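For reference, final-v1.cif (mmCIF, C-alpha atoms):
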```cif
data_structure
#
loop_
_atom_site.group_PDB
_atom_site.id
_atom_site.type_symbol
_atom_site.label_atom_id
_atom_site.label_comp_id
_atom_site.auth_asym_id
_atom_site.auth_seq_id
_atom_site.Cartn_x
_atom_site.Cartn_y
_atom_site.Cartn_z
ATOM 1 C CA MET A 1234 21.375 22.508 -8.554
ATOM 2 C CA VAL A 1235 23.656 19.955 -6.837
ATOM 3 C CA LYS A 1236 20.684 18.253 -5.198
ATOM 4 C CA ARG A 1237 18.897 17.934 -8.539
ATOM 5 C CA MET A 1238 21.998 16.516 -10.227
ATOM 6 C CA LEU A 1239 22.376 13.940 -7.471
ATOM 7 C CA SER A 1240 18.715 13.034 -7.861
ATOM 8 C CA LYS A 1241 19.116 12.618 -11.629
ATOM 9 C CA THR A 1242 22.152 10.398 -11.069
ATOM 10 C CA GLY A 1243 20.223 8.299 -8.574
ATOM 11 C CA ILE A 1244 17.317 7.913 -10.997
ATOM 12 C CA PHE A 1245 19.685 6.844 -13.794
ATOM 13 C CA PHE A 1246 21.158 4.211 -11.456
ATOM 14 C CA LEU A 1247 17.700 2.912 -10.494
ATOM 15 C CA ASN A 1248 16.567 2.726 -14.137
ATOM 16 C CA SER A 1249 19.745 0.831 -15.028
ATOM 17 C CA LEU A 1250 19.276 -1.538 -12.086
ATOM 18 C CA SER A 1251 15.697 -2.228 -13.145
ATOM 19 C CA LEU A 1252 16.961 -3.768 -16.396
ATOM 20 C CA LEU A 1253 18.293 -6.752 -14.427
ATOM 21 C CA PRO A 1254 16.023 -9.814 -14.190
ATOM 22 C CA LEU A 1255 14.245 -10.242 -10.869
ATOM 23 C CA SER A 1256 16.294 -13.353 -10.121
ATOM 24 C CA LEU A 1257 19.393 -11.152 -9.910
ATOM 25 C CA LEU A 1258 17.572 -8.321 -8.176
ATOM 26 C CA TYR A 1259 16.563 -10.716 -5.406
ATOM 27 C CA LEU A 1260 20.250 -11.429 -4.809
ATOM 28 C CA VAL A 1261 20.659 -7.678 -4.384
ATOM 29 C CA ALA A 1262 17.692 -7.773 -1.985
ATOM 30 C CA ASP A 1263 19.388 -10.458 0.134
ATOM 31 C CA PHE A 1264 22.396 -8.165 0.524
ATOM 32 C CA VAL A 1265 20.136 -5.187 1.276
ATOM 33 C CA TYR A 1266 18.447 -7.233 4.014
ATOM 34 C CA LEU A 1267 21.796 -7.829 5.731
ATOM 35 C CA LEU A 1268 22.549 -4.112 5.561
ATOM 36 C CA LEU A 1269 19.133 -2.951 6.765
ATOM 37 C CA TYR A 1270 18.733 -5.386 9.635
ATOM 38 C CA HIS A 1271 22.243 -6.127 10.857
ATOM 39 C CA VAL A 1272 24.405 -3.146 9.830
ATOM 40 C CA VAL A 1273 22.351 0.030 9.375
ATOM 41 C CA ARG A 1274 19.610 -1.286 11.701
ATOM 42 C CA TYR A 1275 17.089 0.753 9.702
ATOM 43 C CA ARG A 1276 14.293 1.855 12.043
ATOM 44 C CA ARG A 1277 14.704 -1.293 14.118
ATOM 45 C CA LYS A 1278 13.564 0.505 17.254
ATOM 46 C CA VAL A 1279 10.359 1.616 15.480
ATOM 47 C CA VAL A 1280 9.687 -1.861 14.060
ATOM 48 C CA TYR A 1281 10.213 -3.679 17.369
ATOM 49 C CA GLU A 1282 8.182 -1.138 19.315
ATOM 50 C CA ASN A 1283 5.307 -1.384 16.820
ATOM 51 C CA LEU A 1284 5.377 -5.195 16.908
ATOM 52 C CA HIS A 1285 5.529 -5.407 20.714
ATOM 53 C CA ASN A 1286 2.596 -2.996 21.062
ATOM 54 C CA ALA A 1287 0.543 -4.722 18.356
ATOM 55 C CA PHE A 1288 1.150 -8.240 19.696
ATOM 56 C CA PRO A 1289 1.537 -8.003 23.490
ATOM 57 C CA GLU A 1290 0.783 -11.718 23.768
ATOM 58 C CA LYS A 1291 3.894 -12.704 21.792
ATOM 59 C CA ASP A 1292 7.252 -13.269 23.444
ATOM 60 C CA ALA A 1293 10.562 -11.704 22.381
ATOM 61 C CA GLU A 1294 11.540 -14.613 20.129
ATOM 62 C CA ASP A 1295 8.232 -14.504 18.224
ATOM 63 C CA ILE A 1296 8.666 -10.768 17.693
ATOM 64 C CA ARG A 1297 12.238 -11.258 16.461
ATOM 65 C CA ILE A 1298 11.098 -13.880 13.921
ATOM 66 C CA ILE A 1299 8.379 -11.566 12.570
ATOM 67 C CA ALA A 1300 10.784 -8.616 12.435
ATOM 68 C CA LYS A 1301 13.438 -10.507 10.470
ATOM 69 C CA LYS A 1302 10.792 -11.830 8.069
ATOM 70 C CA TYR A 1303 9.542 -8.261 7.661
ATOM 71 C CA TYR A 1304 12.996 -6.930 6.775
ATOM 72 C CA ARG A 1305 13.448 -9.694 4.211
ATOM 73 C CA HIS A 1306 10.116 -8.761 2.660
ATOM 74 C CA LEU A 1307 10.967 -5.038 2.772
ATOM 75 C CA SER A 1308 14.225 -5.704 0.916
ATOM 76 C CA SER A 1309 12.383 -7.694 -1.766
ATOM 77 C CA LEU A 1310 9.776 -4.957 -1.991
ATOM 78 C CA MET A 1311 12.469 -2.363 -2.664
ATOM 79 C CA VAL A 1312 13.846 -4.181 -5.706
ATOM 80 C CA GLU A 1313 10.334 -4.994 -6.931
ATOM 81 C CA ILE A 1314 9.497 -1.286 -6.892
ATOM 82 C CA ILE A 1315 12.693 -0.534 -8.825
ATOM 83 C CA LYS A 1316 11.707 -3.236 -11.344
ATOM 84 C CA MET A 1317 8.466 -1.334 -12.039
ATOM 85 C CA ALA A 1318 10.456 1.009 -14.296
ATOM 86 C CA THR A 1319 10.951 -1.718 -16.921
ATOM 87 C CA ILE A 1320 8.772 -4.709 -16.042
ATOM 88 C CA SER A 1321 6.722 -5.933 -18.989
ATOM 89 C CA PRO A 1322 2.922 -6.254 -18.845
ATOM 90 C CA GLU A 1323 3.276 -10.001 -19.419
ATOM 91 C CA GLU A 1324 5.640 -10.526 -16.490
ATOM 92 C CA LEU A 1325 3.555 -8.374 -14.169
ATOM 93 C CA LYS A 1326 0.406 -10.311 -15.058
ATOM 94 C CA ALA A 1327 2.215 -13.586 -14.414
ATOM 95 C CA ARG A 1328 3.409 -12.430 -10.997
ATOM 96 C CA PHE A 1329 0.311 -10.580 -9.792
ATOM 97 C CA LYS A 1330 -2.960 -12.477 -10.161
ATOM 98 C CA PHE A 1331 -6.453 -11.184 -9.400
ATOM 99 C CA LYS A 1332 -9.281 -13.217 -7.901
ATOM 100 C CA ASN A 1333 -12.969 -12.265 -8.228
ATOM 101 C CA LEU A 1334 -12.126 -9.081 -10.119
ATOM 102 C CA HIS A 1335 -15.227 -9.659 -12.234
ATOM 103 C CA LEU A 1336 -17.342 -8.637 -9.221
ATOM 104 C CA MET A 1337 -16.010 -5.112 -9.616
ATOM 105 C CA ASN A 1338 -15.696 -5.112 -13.395
ATOM 106 C CA ASN A 1339 -19.419 -5.903 -13.661
ATOM 107 C CA TYR A 1340 -20.148 -2.406 -12.370
ATOM 108 C CA HIS A 1341 -17.768 -0.849 -14.890
ATOM 109 C CA GLU A 1342 -19.488 -2.655 -17.754
ATOM 110 C CA GLN A 1343 -22.717 -0.990 -16.590
ATOM 111 C CA GLY A 1344 -21.009 2.413 -16.735
ATOM 112 C CA ARG A 1345 -20.628 2.712 -12.958
ATOM 113 C CA SER A 1346 -17.543 3.606 -10.954
ATOM 114 C CA THR A 1347 -16.138 1.871 -7.874
ATOM 115 C CA LEU A 1348 -13.824 2.523 -4.941
ATOM 116 C CA ILE A 1349 -10.974 0.322 -3.755
ATOM 117 C CA CYS A 1350 -9.611 0.104 -0.254
ATOM 118 C CA SER A 1351 -6.237 -1.469 0.487
ATOM 119 C CA ALA A 1352 -3.142 -0.938 2.634
ATOM 120 C CA HIS A 1353 0.643 -0.910 2.667
ATOM 121 C CA TYR A 1354 0.638 -4.679 2.711
ATOM 122 C CA GLY A 1355 2.390 -7.124 0.399
ATOM 123 C CA ASN A 1356 3.322 -5.181 -2.724
ATOM 124 C CA TRP A 1357 0.723 -2.429 -3.036
ATOM 125 C CA GLU A 1358 2.712 -0.740 -5.816
ATOM 126 C CA TRP A 1359 2.521 -3.774 -8.096
ATOM 127 C CA GLY A 1360 -1.128 -4.111 -7.149
ATOM 128 C CA THR A 1361 -2.262 -0.757 -8.478
ATOM 129 C CA LEU A 1362 0.059 -1.040 -11.492
ATOM 130 C CA ALA A 1363 -1.333 -4.489 -12.386
ATOM 131 C CA LEU A 1364 -4.908 -3.339 -11.840
ATOM 132 C CA GLY A 1365 -4.572 -1.011 -14.821
ATOM 133 C CA LEU A 1366 -3.864 -4.063 -17.002
ATOM 134 C CA ASN A 1367 -6.884 -6.018 -15.774
ATOM 135 C CA THR A 1368 -9.791 -3.591 -16.010
ATOM 136 C CA THR A 1369 -11.370 -1.318 -18.594
ATOM 137 C CA ALA A 1370 -12.046 1.381 -15.984
ATOM 138 C CA VAL A 1371 -9.560 4.202 -15.470
ATOM 139 C CA VAL A 1372 -7.539 3.578 -12.299
ATOM 140 C CA TYR A 1373 -6.866 6.560 -10.008
ATOM 141 C CA PRO A 1374 -4.391 5.689 -7.220
ATOM 142 C CA ILE A 1375 -4.425 8.372 -4.525
ATOM 143 C CA TYR A 1376 -0.990 9.143 -3.097
ATOM 144 C CA LYS A 1377 1.002 11.464 -0.889
ATOM 145 C CA PRO A 1378 3.615 13.349 -2.991
ATOM 146 C CA VAL A 1379 7.237 12.934 -1.890
ATOM 147 C CA SER A 1380 9.311 15.977 -1.003
ATOM 148 C CA ASN A 1381 12.052 15.375 -3.613
ATOM 149 C CA GLU A 1382 10.657 16.746 -6.880
ATOM 150 C CA ALA A 1383 12.853 14.666 -9.216
ATOM 151 C CA PHE A 1384 12.205 11.374 -7.430
ATOM 152 C CA GLY A 1385 8.541 12.292 -7.111
ATOM 153 C CA GLU A 1386 8.283 12.655 -10.876
ATOM 154 C CA TRP A 1387 10.124 9.348 -11.385
ATOM 155 C CA PHE A 1388 7.755 7.537 -9.036
ATOM 156 C CA LYS A 1389 4.793 9.058 -10.835
ATOM 157 C CA GLN A 1390 6.110 7.878 -14.202
ATOM 158 C CA ILE A 1391 6.707 4.274 -13.152
ATOM 159 C CA ARG A 1392 3.392 4.076 -11.289
ATOM 160 C CA SER A 1393 1.453 5.265 -14.344
ATOM 161 C CA ARG A 1394 3.208 3.202 -17.035
ATOM 162 C CA PHE A 1395 0.091 1.206 -17.871
ATOM 163 C CA GLY A 1396 -2.448 4.021 -17.916
ATOM 164 C CA ASN A 1397 -3.084 4.752 -14.243
ATOM 165 C CA GLN A 1398 -3.853 8.382 -13.368
ATOM 166 C CA LEU A 1399 -2.112 9.257 -10.108
ATOM 167 C CA ILE A 1400 -3.907 11.794 -7.950
ATOM 168 C CA PRO A 1401 -2.335 13.730 -5.052
ATOM 169 C CA MET A 1402 -4.471 13.260 -1.940
ATOM 170 C CA ARG A 1403 -5.489 16.923 -1.822
ATOM 171 C CA GLN A 1404 -6.850 16.783 -5.383
ATOM 172 C CA THR A 1405 -9.147 13.775 -4.918
ATOM 173 C CA LEU A 1406 -12.437 15.699 -5.057
ATOM 174 C CA ARG A 1407 -11.345 17.613 -8.144
ATOM 175 C CA ALA A 1408 -10.442 14.360 -9.912
ATOM 176 C CA LEU A 1409 -13.772 12.798 -8.908
ATOM 177 C CA ASN A 1410 -15.693 15.665 -10.474
ATOM 178 C CA ALA A 1411 -13.534 15.696 -13.617
ATOM 179 C CA SER A 1412 -14.017 11.951 -14.241
ATOM 180 C CA LYS A 1413 -17.647 11.497 -13.237
ATOM 181 C CA ASP A 1414 -18.788 10.643 -16.788
ATOM 182 C CA VAL A 1415 -16.549 7.579 -17.238
ATOM 183 C CA PRO A 1416 -16.152 4.361 -15.196
ATOM 184 C CA THR A 1417 -13.287 4.807 -12.752
ATOM 185 C CA ILE A 1418 -11.620 3.078 -9.811
ATOM 186 C CA PHE A 1419 -10.325 5.358 -7.076
ATOM 187 C CA CYS A 1420 -7.799 3.544 -4.879
ATOM 188 C CA PHE A 1421 -7.500 4.489 -1.202
ATOM 189 C CA GLY A 1422 -4.906 3.396 1.349
ATOM 190 C CA ASN A 1423 -6.753 2.706 4.591
ATOM 191 C CA ASP A 1424 -3.650 2.756 6.799
ATOM 192 C CA GLN A 1425 -2.438 6.278 6.014
ATOM 193 C CA THR A 1426 -1.801 8.409 9.083
ATOM 194 C CA PRO A 1427 -3.961 11.569 9.219
ATOM 195 C CA LEU A 1428 -2.381 14.904 9.977
ATOM 196 C CA LYS A 1429 -2.467 15.762 13.656
ATOM 197 C CA GLU A 1430 -5.206 18.364 13.181
ATOM 198 C CA GLU A 1431 -7.254 15.885 11.102
ATOM 199 C CA SER A 1432 -7.091 13.079 13.668
ATOM 200 C CA THR A 1433 -10.727 13.229 14.697
ATOM 201 C CA TYR A 1434 -11.843 9.594 14.542
ATOM 202 C CA TRP A 1435 -10.105 6.928 16.596
ATOM 203 C CA LEU A 1436 -10.396 3.133 16.704
ATOM 204 C CA ASN A 1437 -8.673 0.451 18.711
ATOM 205 C CA PHE A 1438 -6.436 -1.065 16.032
ATOM 206 C CA LEU A 1439 -3.853 -3.720 16.946
ATOM 207 C CA HIS A 1440 -4.321 -2.957 20.666
ATOM 208 C CA GLN A 1441 -3.649 0.754 20.218
ATOM 209 C CA PRO A 1442 -5.827 3.862 19.810
ATOM 210 C CA THR A 1443 -5.375 4.756 16.143
ATOM 211 C CA ALA A 1444 -6.421 7.816 14.153
ATOM 212 C CA ILE A 1445 -8.282 6.833 10.982
ATOM 213 C CA LEU A 1446 -8.808 8.816 7.780
ATOM 214 C CA LEU A 1447 -12.473 9.239 6.880
ATOM 215 C CA GLY A 1448 -12.030 10.273 3.240
ATOM 216 C CA LEU A 1449 -12.999 6.907 1.770
ATOM 217 C CA GLU A 1450 -16.257 6.726 3.690
ATOM 218 C CA LYS A 1451 -17.193 10.336 2.962
ATOM 219 C CA ILE A 1452 -16.702 9.875 -0.775
ATOM 220 C CA ALA A 1453 -18.415 6.477 -0.795
ATOM 221 C CA VAL A 1454 -21.524 7.848 0.934
ATOM 222 C CA ARG A 1455 -21.568 10.980 -1.223
ATOM 223 C CA THR A 1456 -21.253 9.125 -4.549
ATOM 224 C CA ASN A 1457 -22.804 5.757 -3.557
ATOM 225 C CA ARG A 1458 -19.968 3.968 -5.356
ATOM 226 C CA PRO A 1459 -19.530 0.325 -4.282
ATOM 227 C CA VAL A 1460 -16.498 -0.250 -2.068
ATOM 228 C CA PHE A 1461 -14.201 -3.260 -2.505
ATOM 229 C CA TYR A 1462 -11.273 -4.378 -0.408
ATOM 230 C CA MET A 1463 -8.194 -5.688 -2.195
ATOM 231 C CA ARG A 1464 -6.826 -8.481 -0.016
ATOM 232 C CA VAL A 1465 -3.242 -9.347 -0.961
ATOM 233 C CA ARG A 1466 -1.740 -12.776 -0.356
ATOM 234 C CA ILE A 1467 1.930 -13.593 -0.850
ATOM 235 C CA LEU A 1468 2.160 -16.912 -2.675
ATOM 236 C CA LYS A 1469 5.968 -16.967 -2.751
ATOM 237 C CA ARG A 1470 8.736 -14.465 -3.340
ATOM 238 C CA GLY A 1471 7.738 -12.217 -6.230
ATOM 239 C CA TYR A 1472 4.297 -13.805 -6.721
ATOM 240 C CA TYR A 1473 1.071 -12.369 -5.349
ATOM 241 C CA GLU A 1474 -2.658 -12.972 -5.457
ATOM 242 C CA VAL A 1475 -5.170 -10.265 -4.652
ATOM 243 C CA GLU A 1476 -8.797 -11.055 -3.897
ATOM 244 C CA CYS A 1477 -11.469 -8.503 -4.736
ATOM 245 C CA VAL A 1478 -13.725 -8.565 -1.647
ATOM 246 C CA PRO A 1479 -17.094 -6.715 -1.636
ATOM 247 C CA LEU A 1480 -17.115 -4.470 1.425
ATOM 248 C CA CYS A 1481 -20.140 -2.186 1.012
ATOM 249 C CA MET A 1482 -22.306 -2.200 -2.106
ATOM 250 C CA GLU A 1483 -24.733 0.570 -1.086
ATOM 251 C CA PRO A 1484 -22.694 3.127 0.839
ATOM 252 C CA ALA A 1485 -25.467 5.734 0.787
ATOM 253 C CA ALA A 1486 -27.541 3.416 2.983
ATOM 254 C CA SER A 1487 -24.735 2.719 5.473
ATOM 255 C CA LYS A 1488 -24.621 3.967 9.048
ATOM 256 C CA PRO A 1489 -22.081 6.593 10.179
ATOM 257 C CA PHE A 1490 -18.569 5.096 10.413
ATOM 258 C CA GLU A 1491 -19.833 1.697 9.284
ATOM 259 C CA ILE A 1492 -17.567 1.586 6.212
ATOM 260 C CA THR A 1493 -14.580 2.878 8.158
ATOM 261 C CA ASN A 1494 -15.024 0.274 10.894
ATOM 262 C CA LEU A 1495 -15.405 -2.458 8.288
ATOM 263 C CA HIS A 1496 -12.206 -1.750 6.387
ATOM 264 C CA VAL A 1497 -10.125 -1.150 9.537
ATOM 265 C CA ASN A 1498 -11.295 -4.405 11.131
ATOM 266 C CA TYR A 1499 -10.672 -6.241 7.882
ATOM 267 C CA LEU A 1500 -7.100 -4.979 7.668
ATOM 268 C CA GLU A 1501 -6.479 -5.819 11.310
ATOM 269 C CA GLN A 1502 -7.422 -9.452 10.736
ATOM 270 C CA ILE A 1503 -5.195 -9.639 7.650
ATOM 271 C CA ILE A 1504 -2.235 -8.388 9.697
ATOM 272 C CA ILE A 1505 -2.960 -10.781 12.563
ATOM 273 C CA ASP A 1506 -3.053 -13.716 10.133
ATOM 274 C CA GLU A 1507 0.227 -12.810 8.348
ATOM 275 C CA PRO A 1508 1.950 -9.951 10.209
ATOM 276 C CA ALA A 1509 5.317 -9.808 8.413
ATOM 277 C CA TYR A 1510 4.023 -8.192 5.225
ATOM 278 C CA TRP A 1511 2.682 -4.915 6.650
ATOM 279 C CA LEU A 1512 4.777 -1.735 6.722
ATOM 280 C CA TRP A 1513 6.031 -1.937 10.317
ATOM 281 C CA SER A 1514 8.784 0.662 9.823
ATOM 282 C CA HIS A 1515 6.114 3.338 9.325
ATOM 283 C CA ARG A 1516 5.464 5.550 12.366
ATOM 284 C CA ARG A 1517 1.768 4.717 12.341
ATOM 285 C CA TRP A 1518 1.110 5.660 15.977
ATOM 286 C CA LYS A 1519 3.007 8.947 16.215
ATOM 287 C CA HIS A 1520 -0.217 10.782 17.180
ATOM 288 C CA LYS A 1521 -2.059 10.065 20.437
ATOM 289 C CA PRO A 1522 -5.682 10.920 21.340
ATOM 290 C CA GLU A 1523 -4.495 13.224 24.150
ATOM 291 C CA ASP A 1524 -2.514 15.284 21.616
#
```

Is it possible to give me this structure as structure tokens?
Amino acid sequence: MVKRMLSKTGIFFLNSLSLLPLSLLYLVADFVYLLLYHVVRYRRKVVYENLHNAFPEKDAEDIRIIAKKYYRHLSSLMVEIIKMATISPEELKARFKFKNLHLMNNYHEQGRSTLICSAHYGNWEWGTLALGLNTTAVVYPIYKPVSNEAFGEWFKQIRSRFGNQLIPMRQTLRALNASKDVPTIFCFGNDQTPLKEESTYWLNFLHQPTAILLGLEKIAVRTNRPVFYMRVRILKRGYYEVECVPLCMEPAASKPFEITNLHVNYLEQIIIDEPAYWLWSHRRWKHKPED
């Protein structure tokens, strides 16, 4: 009972905070950055270890610059996610632009469905929310439920404000079957960490053996739905552009692991080009092949 009341209080605070304009929320983010990096030192050991392992060619100063830029982005991302509770469709469209989205929408106009691959890069939450405003297909973001029931329901509400249908990862196949008669977009995160017992396929990703989920490829081959990669670029603080990149248009004709290798290599190059905007505080390499 106490835990639920605290959760409700926290949600009320977040909803109230979201009413502030982003210009003020970014001032909050600047303060949060100081707390996270200098005071609380939130997962600094994890971030620095991940960066050193991913970029062994960089010296300590280069790693420090990337890390500080990452924490500044993470702080901005936090307030941007809070803003999702009240952001208007007009403001979201102004801040999150799509490039080449017609390449995917052409399939929807023909009554076909597509699959999207992306990662925890830039602002993925705004990306899926904005996608629902820019396509006639029904958007199905696939997510891992959080343990706190009240906050989980709040996240689900703000993520689905503009018509998106959130699907827990374990219910993906059921949702595919239930929606097979209408054009849909199922959105997959290609940097999720598989469970230890599901870590069966490994690639060298950012200089480290990395377990890769195979769900996207399995569904793509089974349904022959075209696969697109959503490449996010940060134009400036609070403004993003995402390019719709064709990855595999005939999955049924692809070779084993071809789609998986494609999207992993694509993400790796994105991170190498602009490393500060990936989720470095995530324990991505907690499983090892020898485990």

Contact residues around Glu1342 (chain A) with all atoms listed in the file at 10 Å, ignoring same-chain residues under 2 positions, as a list in words: His1335, Met1337, Asn1338, Asn1339, Tyr1340, Gly1344, Arg1345, Ser1346, Thr1368, Thr1369, Ala1370 and Pro1416 of chain A

Point-to-point distance from CA of Glu1501 (chain A) to CA of Phe1438 (chain A), Å rounded to tenths: 6.7 Å

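For the file shown, the residue list from the PyMOL selection byres ((chain A and resi 1459) around 9) reads Met1337, Tyr1340, Ser1346, Thr1347, Leu1348, Ile1349, Ala1453, Thr1456, Asn1457, Arg1458, Val1460, Phe1461, Pro1479, Leu1480, Cys1481, Met1482, Glu1483 and Pro1484 of chain A.
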
Listing only residues of region 1363-1479 of chain A within 7 Å of region 1516-1522 of chain A, what is the closest atom pair and its distance in Å (to one decimal) for each, using all atoms listed in the file, sorted by chain and residue number ascending, as JSON lines?
```
{"residue": "A:Thr1426", "atom": "CA", "partner": "A:Arg1517", "partner_atom": "CA", "distance": 6.1}
{"residue": "A:Lys1429", "atom": "CA", "partner": "A:His1520", "partner_atom": "CA", "distance": 6.5}
{"residue": "A:Thr1443", "atom": "CA", "partner": "A:Trp1518", "partner_atom": "CA", "distance": 6.5}
```

Glu1290 (chain A) environment, 12 Å, only C-alpha atoms, sequence neighbours closer than 6 positions dropped, as a PyMOL selection string: chain A and resi 1284+1296+1439-1440+1505

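For region 1239-1248 of chain A, the list of residues within 9 Å, based on all atoms listed in the file and with local chain neighbours fewer than 6 positions off taken out, reads Ile1315, Lys1316, Ala1318, Thr1319, Asn1381, Glu1382, Ala1383, Phe1384 and Trp1387 of chain A.
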
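Interatomic distance, CA of Ser1432 (chain A) to CA of Glu1523 (chain A): 10.8 Å.
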
Skipping near chain neighbours, those fewer than 6 positions away, what residues fall within 12 Å of Ser1309 (chain A) using all atoms listed in the file, listed as a PDB file with C-alpha atoms, in the frame of the given file?
```
ATOM      1  CA  LEU A1255      14.245 -10.242 -10.869  1.00  0.00           C
ATOM      2  CA  SER A1256      16.294 -13.353 -10.121  1.00  0.00           C
ATOM      3  CA  LEU A1257      19.393 -11.152  -9.910  1.00  0.00           C
ATOM      4  CA  LEU A1258      17.572  -8.321  -8.176  1.00  0.00           C
ATOM      5  CA  TYR A1259      16.563 -10.716  -5.406  1.00  0.00           C
ATOM      6  CA  LEU A1260      20.250 -11.429  -4.809  1.00  0.00           C
ATOM      7  CA  VAL A1261      20.659  -7.678  -4.384  1.00  0.00           C
ATOM      8  CA  ALA A1262      17.692  -7.773  -1.985  1.00  0.00           C
ATOM      9  CA  ASP A1263      19.388 -10.458   0.134  1.00  0.00           C
ATOM     10  CA  PHE A1264      22.396  -8.165   0.524  1.00  0.00           C
ATOM     11  CA  VAL A1265      20.136  -5.187   1.276  1.00  0.00           C
ATOM     12  CA  TYR A1266      18.447  -7.233   4.014  1.00  0.00           C
ATOM     13  CA  LEU A1269      19.133  -2.951   6.765  1.00  0.00           C
ATOM     14  CA  LYS A1302      10.792 -11.830   8.069  1.00  0.00           C
ATOM     15  CA  TYR A1303       9.542  -8.261   7.661  1.00  0.00           C
ATOM     16  CA  ILE A1315      12.693  -0.534  -8.825  1.00  0.00           C
ATOM     17  CA  LYS A1316      11.707  -3.236 -11.344  1.00  0.00           C
ATOM     18  CA  GLY A1355       2.390  -7.124   0.399  1.00  0.00           C
ATOM     19  CA  ASN A1356       3.322  -5.181  -2.724  1.00  0.00           C
ATOM     20  CA  LYS A1469       5.968 -16.967  -2.751  1.00  0.00           C
ATOM     21  CA  ARG A1470       8.736 -14.465  -3.340  1.00  0.00           C
ATOM     22  CA  GLY A1471       7.738 -12.217  -6.230  1.00  0.00           C
ATOM     23  CA  TYR A1472       4.297 -13.805  -6.721  1.00  0.00           C
ATOM     24  CA  TYR A1510       4.023  -8.192   5.225  1.00  0.00           C
TER      25      TYR A1510
END
```

Residues matched by the PyMOL selection byres ((chain A and resi 1475) around 8) as JSON, numbers by chain: {"A": [1329, 1330, 1331, 1332, 1360, 1463, 1464, 1465, 1466, 1473, 1474, 1476, 1477]}

Residues returned when the PyMOL selection byres ((chain A and resi 1410-1412) around 12) runs on this file, as a VMD selection string: chain A and resid 1345 to 1346 1370 to 1373 1398 1400 1404 to 1409 1413 to 1419 1452 1455 to 1456

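Among the candidate residues A:Trp1357, A:Phe1421, A:Tyr1270, A:Tyr1462, the one lying nearest to Leu1447 (chain A) is A:Phe1421, with distances computed using only C-alpha atoms.
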
A:His1515, A:His1285, A:Arg1403, A:His1306 ranked by distance to Ile1467 (chain A), top pick (using all atoms listed in the file):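 Between A:His1515, A:His1285, A:Arg1403, A:His1306, the residue approaching Ile1467 (chain A) most closely is A:His1306.
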
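Interatomic distance, CA of Gly1365 (chain A) to CA of Cys1420 (chain A): 11.4 Å.
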
Using all atoms listed in the file: which of A:Lys1451, A:Arg1277, A:Arg1392, A:Arg1328 has the shortest distance to Pro1489 (chain A): A:Lys1451

Assuming 4 Å of padding per side, give the centre and edge lengths of the axis-aligned box around every listed atom of region 1331-1335 of chain A, in Å to one decimal and as lines of an AutoDock Vina configuration file.
```
center_x = -10.8
center_y = -11.1
center_z = -10.1
size_x = 16.8
size_y = 12.1
size_z = 12.3
```

Proximity to Ala1444 (chain A) - best of A:Val1497, A:Ile1503, A:Leu1468, A:Cys1350, all atoms listed in the file: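 Among the listed residues, the smallest separation from Ala1444 (chain A) belongs to A:Val1497.
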
Residue neighbourhood Ile1445 (chain A), 9 Å, all atoms listed in the file, exclusion window fewer than 3 positions, as number ranges by chain: A: 1423-1427, 1432-1436, 1493, 1497

Which of A:Tyr1281, A:Ser1308, A:Ile1492, A:Ile1320 sits closest to Asp1295 (chain A) [using all atoms listed in the file]: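 Checking each of A:Tyr1281, A:Ser1308, A:Ile1492, A:Ile1320 against Asp1295 (chain A), counting all atoms listed in the file, the winner is A:Tyr1281.
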